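A.B. asks: Sharing a structure below in structure tokens format, with a few things to ask.
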Amino acid sequence: MIKIGSQKIDTNIFLAPLAGCADLSFRLVARELGARFCFYEMVDSNALLYQKEPRRDILKTHPKDHPIAAQLLGSEPERMLEAAKRLLSLVTPEFLDINAACPAKKVLKKRCGAYFLKEPSNLYKIIEKLSANLTLPITVKLRIGYNLFDPDHIISIAKNCQKSGAAALFVHGRTMKQRYSGKVNYEAIKAVKDNTTIPVFGSGDILSQELAQKMFDQTGCDGILVARGAMGNPWFFCNKKPSIKERLDTLNRHLSYLEKYKETRATAKLGLMKKAVMWYLKEFANAHEFRNRINGCKSIEEIRACVSKII
Ligand SMILES: Cc1cc2nc3c(=O)[nH]c(=O)nc-3n(C[C@H](O)[C@H](O)[C@H](O)COP(=O)(O)O)c2cc1C
């Protein structure tokens with residue numbers, strides 16, 4: 001059990017926020033195999049407020065898709081509050097996370113996401129604004145630095161987040177510059193943990209039970225986020241090695257959830273289905289041969305026919 005602000009959550013192992021991946025279908029499969037806490041995909045505050053048709057399926061949920069947290073991306077305190085209120089009129093997450101970790105160029109240009117690691121003043125204002133005006137806990141997802149890890153800098157950011165009202169910190173142990181590759185810096189996550197009193201979650205290379213334990217042992221963190229380690233491997237959460245049949249059954253279930261729940265154009269849906277097949281394929285000996293065939297599929301039926309031939 002872990003306490004994030006006023007919320008008690010009965011696990012400290014969360015499925016990470018994964019834009020474009022951890023949608024309702026992914027989360028349902030993960031939950032069926034033991035995930036007890038998930039995040040919606042990140043929501044862009046501007047899209048939520050100003051787009052005529054913000055992507056409805058990002059906040060799509062299901063009675064089995066709880067408990068859950070939401071994550072907002074944005075740079076302006078006032079607009080973030082407005083967007084948060086809009087979001088909370090649509091769904092009821094346990095807490096709301098602010099993204100200060102996304103390294104995408106278009107995000108950095110808008111002075112949000114990992115940009116906050118370079119210039120954090122608006123991040124603190126957002127935390128203050130949201131925690132003063134909303135009743136649910138506000139948390140922050142950070143990286144360990146912008147171009148490099150400077151212990152004083154990240155400790156100062158973490159302390160100021162806490163001072164501004166953050167109820168927990170999720171720390172991806174890489175810099176913005178490293179994006180998703182290179183070594184995870186456990187020492188940096190430990191520095192955040194040692195210098196704050198709110199829960200700190202470690203993220204980065206949680207790809208096996210051993211690496212999950214390493215994150216706890218080396219950083220003293222209170223919890224972990226499972227990200228790429230769960231893509232095509234929802235068994236991470238029940239610590240089980242599935243049989244080939246279980247793999248295929250689960251992949252087929254994942255595909256049927258996408259078919260049923262995804263509210264996107266047919267071509268986008270097809271792309272997501274192909275992506276899901278690729279994740280699960282990794283473990284099959286004849287993956288290479290199937291990768292090309294799946295890529296060439298022009299319909300859901302063709303994907304299904306192709307999957308039925310995988311052994
Ligand atoms: C495809 C993808 C999408 C991601 N989307 C988000 C996101 O929307 N918000 C966020 O805070 N982190 C996001 N992340 C970062 C992960 O939550 C996690 O911190 C990171 O992948 C490090 O963990 P790993 O090395 O175990 O994958 C994303 C990562 C990947 C690979």
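All residue names refer to the structure tokens as shown: chains lettered A, B, ... in order, residues numbered from 1 in each chain, ligands numbered from 1 in order.
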Using only C-alpha atoms and all ligand atoms, find each residue in chain A having at least one atom no more than 9 Å away from ligand 1; report its shortest atom-to-atom pair and that distance in Å (one decimal), rows by chain then rising number, as CSV.
C.D. replies:
residue,atom,partner,partner_atom_place_in_ligand_line,distance
A:Leu15,CA,ligand 1,17 (O),8.2
A:Ala16,CA,ligand 1,17 (O),4.5
A:Pro17,CA,ligand 1,9 (N),4.7
A:Leu18,CA,ligand 1,5 (N),3.4
A:Ala19,CA,ligand 1,5 (N),3.9
A:Gly20,CA,ligand 1,3 (C),6.3
A:Cys21,CA,ligand 1,1 (C),6.0
A:Ala22,CA,ligand 1,3 (C),8.1
A:Phe39,CA,ligand 1,9 (N),9.0
A:Tyr40,CA,ligand 1,8 (O),8.6
A:Glu41,CA,ligand 1,8 (O),5.6
A:Met42,CA,ligand 1,8 (O),4.3
A:Val43,CA,ligand 1,8 (O),7.8
A:Gln71,CA,ligand 1,9 (N),7.1
A:Leu72,CA,ligand 1,9 (N),8.6
A:Leu73,CA,ligand 1,9 (N),8.5
A:Asp97,CA,ligand 1,11 (O),8.3
A:Ile98,CA,ligand 1,11 (O),8.1
A:Asn99,CA,ligand 1,11 (O),5.4
A:Ala100,CA,ligand 1,11 (O),7.3
A:Ala101,CA,ligand 1,11 (O),5.7
A:Cys102,CA,ligand 1,10 (C),6.1
A:Gly113,CA,ligand 1,11 (O),8.4
A:Val140,CA,ligand 1,11 (O),8.6
A:Lys141,CA,ligand 1,11 (O),5.5
A:Leu142,CA,ligand 1,11 (O),7.6
A:Arg143,CA,ligand 1,19 (O),8.2
A:Phe170,CA,ligand 1,19 (O),8.0
A:Val171,CA,ligand 1,19 (O),7.3
A:His172,CA,ligand 1,19 (O),4.8
A:Gly173,CA,ligand 1,22 (C),7.5
A:Arg174,CA,ligand 1,22 (C),7.9
A:Arg179,CA,ligand 1,20 (C),8.6
A:Tyr180,CA,ligand 1,21 (O),6.3
A:Ser181,CA,ligand 1,25 (O),7.7
A:Val184,CA,ligand 1,25 (O),7.8
A:Gly202,CA,ligand 1,19 (O),8.4
A:Ser203,CA,ligand 1,23 (O),5.0
A:Gly204,CA,ligand 1,23 (O),3.5
A:Asp205,CA,ligand 1,25 (O),3.5
A:Ile206,CA,ligand 1,26 (O),4.2
A:Leu207,CA,ligand 1,26 (O),5.9
A:Leu225,CA,ligand 1,17 (O),6.9
A:Val226,CA,ligand 1,26 (O),5.6
A:Ala227,CA,ligand 1,27 (O),4.3
A:Arg228,CA,ligand 1,27 (O),3.9
A:Gly229,CA,ligand 1,26 (O),5.7
A:Ala230,CA,ligand 1,26 (O),8.4
A:Met231,CA,ligand 1,31 (C),8.9
A.B. asks: Can those selected residues be exported to a file as a tab-separated table (two decimals), in the first residue's frame so that it contains C-alpha atoms?
C.D. replies:
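Heads up, here's the output in part.tsv:
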chain	number	residue	atom	x	y	z
A	15	LEU	CA	1.90	0.70	-15.40
A	16	ALA	CA	3.67	3.86	-16.64
A	17	PRO	CA	2.08	6.58	-18.75
A	18	LEU	CA	2.85	5.54	-22.35
A	19	ALA	CA	1.53	7.92	-25.00
A	20	GLY	CA	0.35	6.08	-28.09
A	21	CYS	CA	0.67	2.71	-26.34
A	22	ALA	CA	-1.00	2.28	-22.94
A	39	PHE	CA	-2.20	5.80	-16.16
A	40	TYR	CA	-4.29	7.16	-19.01
A	41	GLU	CA	-2.18	8.23	-21.96
A	42	MET	CA	-0.85	11.77	-21.60
A	43	VAL	CA	-3.36	14.50	-22.43
A	71	GLN	CA	-1.31	13.02	-16.88
A	72	LEU	CA	-1.44	16.53	-18.35
A	73	LEU	CA	1.05	18.28	-20.61
A	97	ASP	CA	0.34	14.07	-12.88
A	98	ILE	CA	2.15	16.91	-14.64
A	99	ASN	CA	4.48	15.86	-17.42
A	100	ALA	CA	7.97	17.34	-16.98
A	101	ALA	CA	9.69	14.49	-18.80
A	102	CYS	CA	8.60	14.28	-22.45
A	113	GLY	CA	7.50	18.42	-20.81
A	140	VAL	CA	5.09	15.32	-11.26
A	141	LYS	CA	6.94	13.09	-13.72
A	142	LEU	CA	10.55	14.24	-14.02
A	143	ARG	CA	13.74	13.21	-15.69
A	170	PHE	CA	7.99	9.88	-10.72
A	171	VAL	CA	11.60	10.02	-11.83
A	172	HIS	CA	12.82	8.61	-15.14
A	173	GLY	CA	16.52	8.02	-14.48
A	174	ARG	CA	17.69	9.50	-17.78
A	179	ARG	CA	15.71	10.24	-24.42
A	180	TYR	CA	15.05	6.48	-24.11
A	181	SER	CA	18.52	5.00	-24.43
A	184	VAL	CA	19.71	4.57	-16.11
A	202	GLY	CA	11.79	5.09	-10.02
A	203	SER	CA	11.46	4.63	-13.77
A	204	GLY	CA	13.87	3.36	-16.39
A	205	ASP	CA	14.78	-0.10	-17.66
A	206	ILE	CA	12.27	-1.93	-15.49
A	207	LEU	CA	12.51	-4.78	-17.98
A	225	LEU	CA	6.76	2.48	-13.13
A	226	VAL	CA	6.76	-0.39	-15.59
A	227	ALA	CA	6.98	0.97	-19.14
A	228	ARG	CA	8.64	-0.83	-22.10
A	229	GLY	CA	8.95	-3.92	-19.92
A	230	ALA	CA	5.18	-4.40	-20.21
A	231	MET	CA	4.85	-3.82	-23.97
A.B. asks: Dump as CSV the rows for residues of segment 171-280 of chain A within 9 Å of segment 291-298 of chain A: closest atom pair and distance in Å with one decimal, only C-alpha atoms counted, ordered by chain and rising residue number.
C.D. replies:
residue,atom,partner,partner_atom,distance
A:Thr267,CA,A:Lys298,CA,8.8
A:Leu270,CA,A:Lys298,CA,7.9
A:Gly271,CA,A:Asn295,CA,8.8
A:Lys274,CA,A:Ile294,CA,6.4
A:Val277,CA,A:Ile294,CA,7.9
A:Met278,CA,A:Arg291,CA,6.7
A.B. asks: Have a look at A:Ile224, A:Ile303, A:Met176, A:Ile155 and name the one nearest to Lys105 of chain A; count only C-alpha atoms.
C.D. replies: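 Ranking A:Ile224, A:Ile303, A:Met176, A:Ile155 by distance to Lys105 of chain A, first place goes to A:Met176.
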A.B. asks: When you draw a straight line from atom CA of Gln51 of chain A to atom CA of Glu76 of chain A, how long is it in Å?
C.D. replies: 16.8 Å
A.B. asks: Just checking: using only C-alpha atoms, which residue out of A:Asn233, A:Thr175, A:Thr139, A:Thr264 ends up closest to Ala35 of chain A?
C.D. replies: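 Closest residue, counting only C-alpha atoms: A:Asn233.
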A.B. asks: Would you mind telling me which residue in A:Gly74, A:Gly34, A:Gly145, A:Gly5 lies nearest to Phe237 of chain A when using only C-alpha atoms?
C.D. replies: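 Closest to Phe237 of chain A, using only C-alpha atoms: A:Gly34.
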A.B. asks: Do a neighbour search on segment 115-131 of chain A at 7 Å with only C-alpha atoms, toss out local chain neighbours closer than 6 positions, and write the hits as a PyMOL selection string.
C.D. replies: chain A and resi 75-77+80-81+100+108+137-138+145-146+160-161+164-166
A.B. asks: Based on DSSP run over this structure's backbone, return all residues of segment 134-250 of chain A in strand (DSSP E or B), as a VMD selection string.
C.D. replies: chain A and resid 138 to 143 169 to 172 200 to 203 223 to 226
A.B. asks: Could you write out that same residue set with C-alpha atoms as a PDB file, in the first residue's frame?
C.D. replies:
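Produced file result29.pdb, reproduced below:
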ATOM      1  CA  ILE A 138      -0.963  16.606  -7.936  1.00  0.00           C
ATOM      2  CA  THR A 139       2.203  14.708  -8.852  1.00  0.00           C
ATOM      3  CA  VAL A 140       5.092  15.315 -11.261  1.00  0.00           C
ATOM      4  CA  LYS A 141       6.935  13.089 -13.725  1.00  0.00           C
ATOM      5  CA  LEU A 142      10.546  14.240 -14.025  1.00  0.00           C
ATOM      6  CA  ARG A 143      13.740  13.212 -15.688  1.00  0.00           C
ATOM      7  CA  LEU A 169       7.446  12.330  -7.871  1.00  0.00           C
ATOM      8  CA  PHE A 170       7.985   9.879 -10.716  1.00  0.00           C
ATOM      9  CA  VAL A 171      11.601  10.024 -11.832  1.00  0.00           C
ATOM     10  CA  HIS A 172      12.816   8.608 -15.138  1.00  0.00           C
ATOM     11  CA  VAL A 200       9.381   8.819  -5.100  1.00  0.00           C
ATOM     12  CA  PHE A 201       8.880   6.299  -7.903  1.00  0.00           C
ATOM     13  CA  GLY A 202      11.787   5.090 -10.020  1.00  0.00           C
ATOM     14  CA  SER A 203      11.464   4.626 -13.770  1.00  0.00           C
ATOM     15  CA  GLY A 223       7.550   2.414  -6.040  1.00  0.00           C
ATOM     16  CA  ILE A 224       8.267   1.793  -9.697  1.00  0.00           C
ATOM     17  CA  LEU A 225       6.762   2.479 -13.126  1.00  0.00           C
ATOM     18  CA  VAL A 226       6.762  -0.395 -15.591  1.00  0.00           C
TER      19      VAL A 226
END
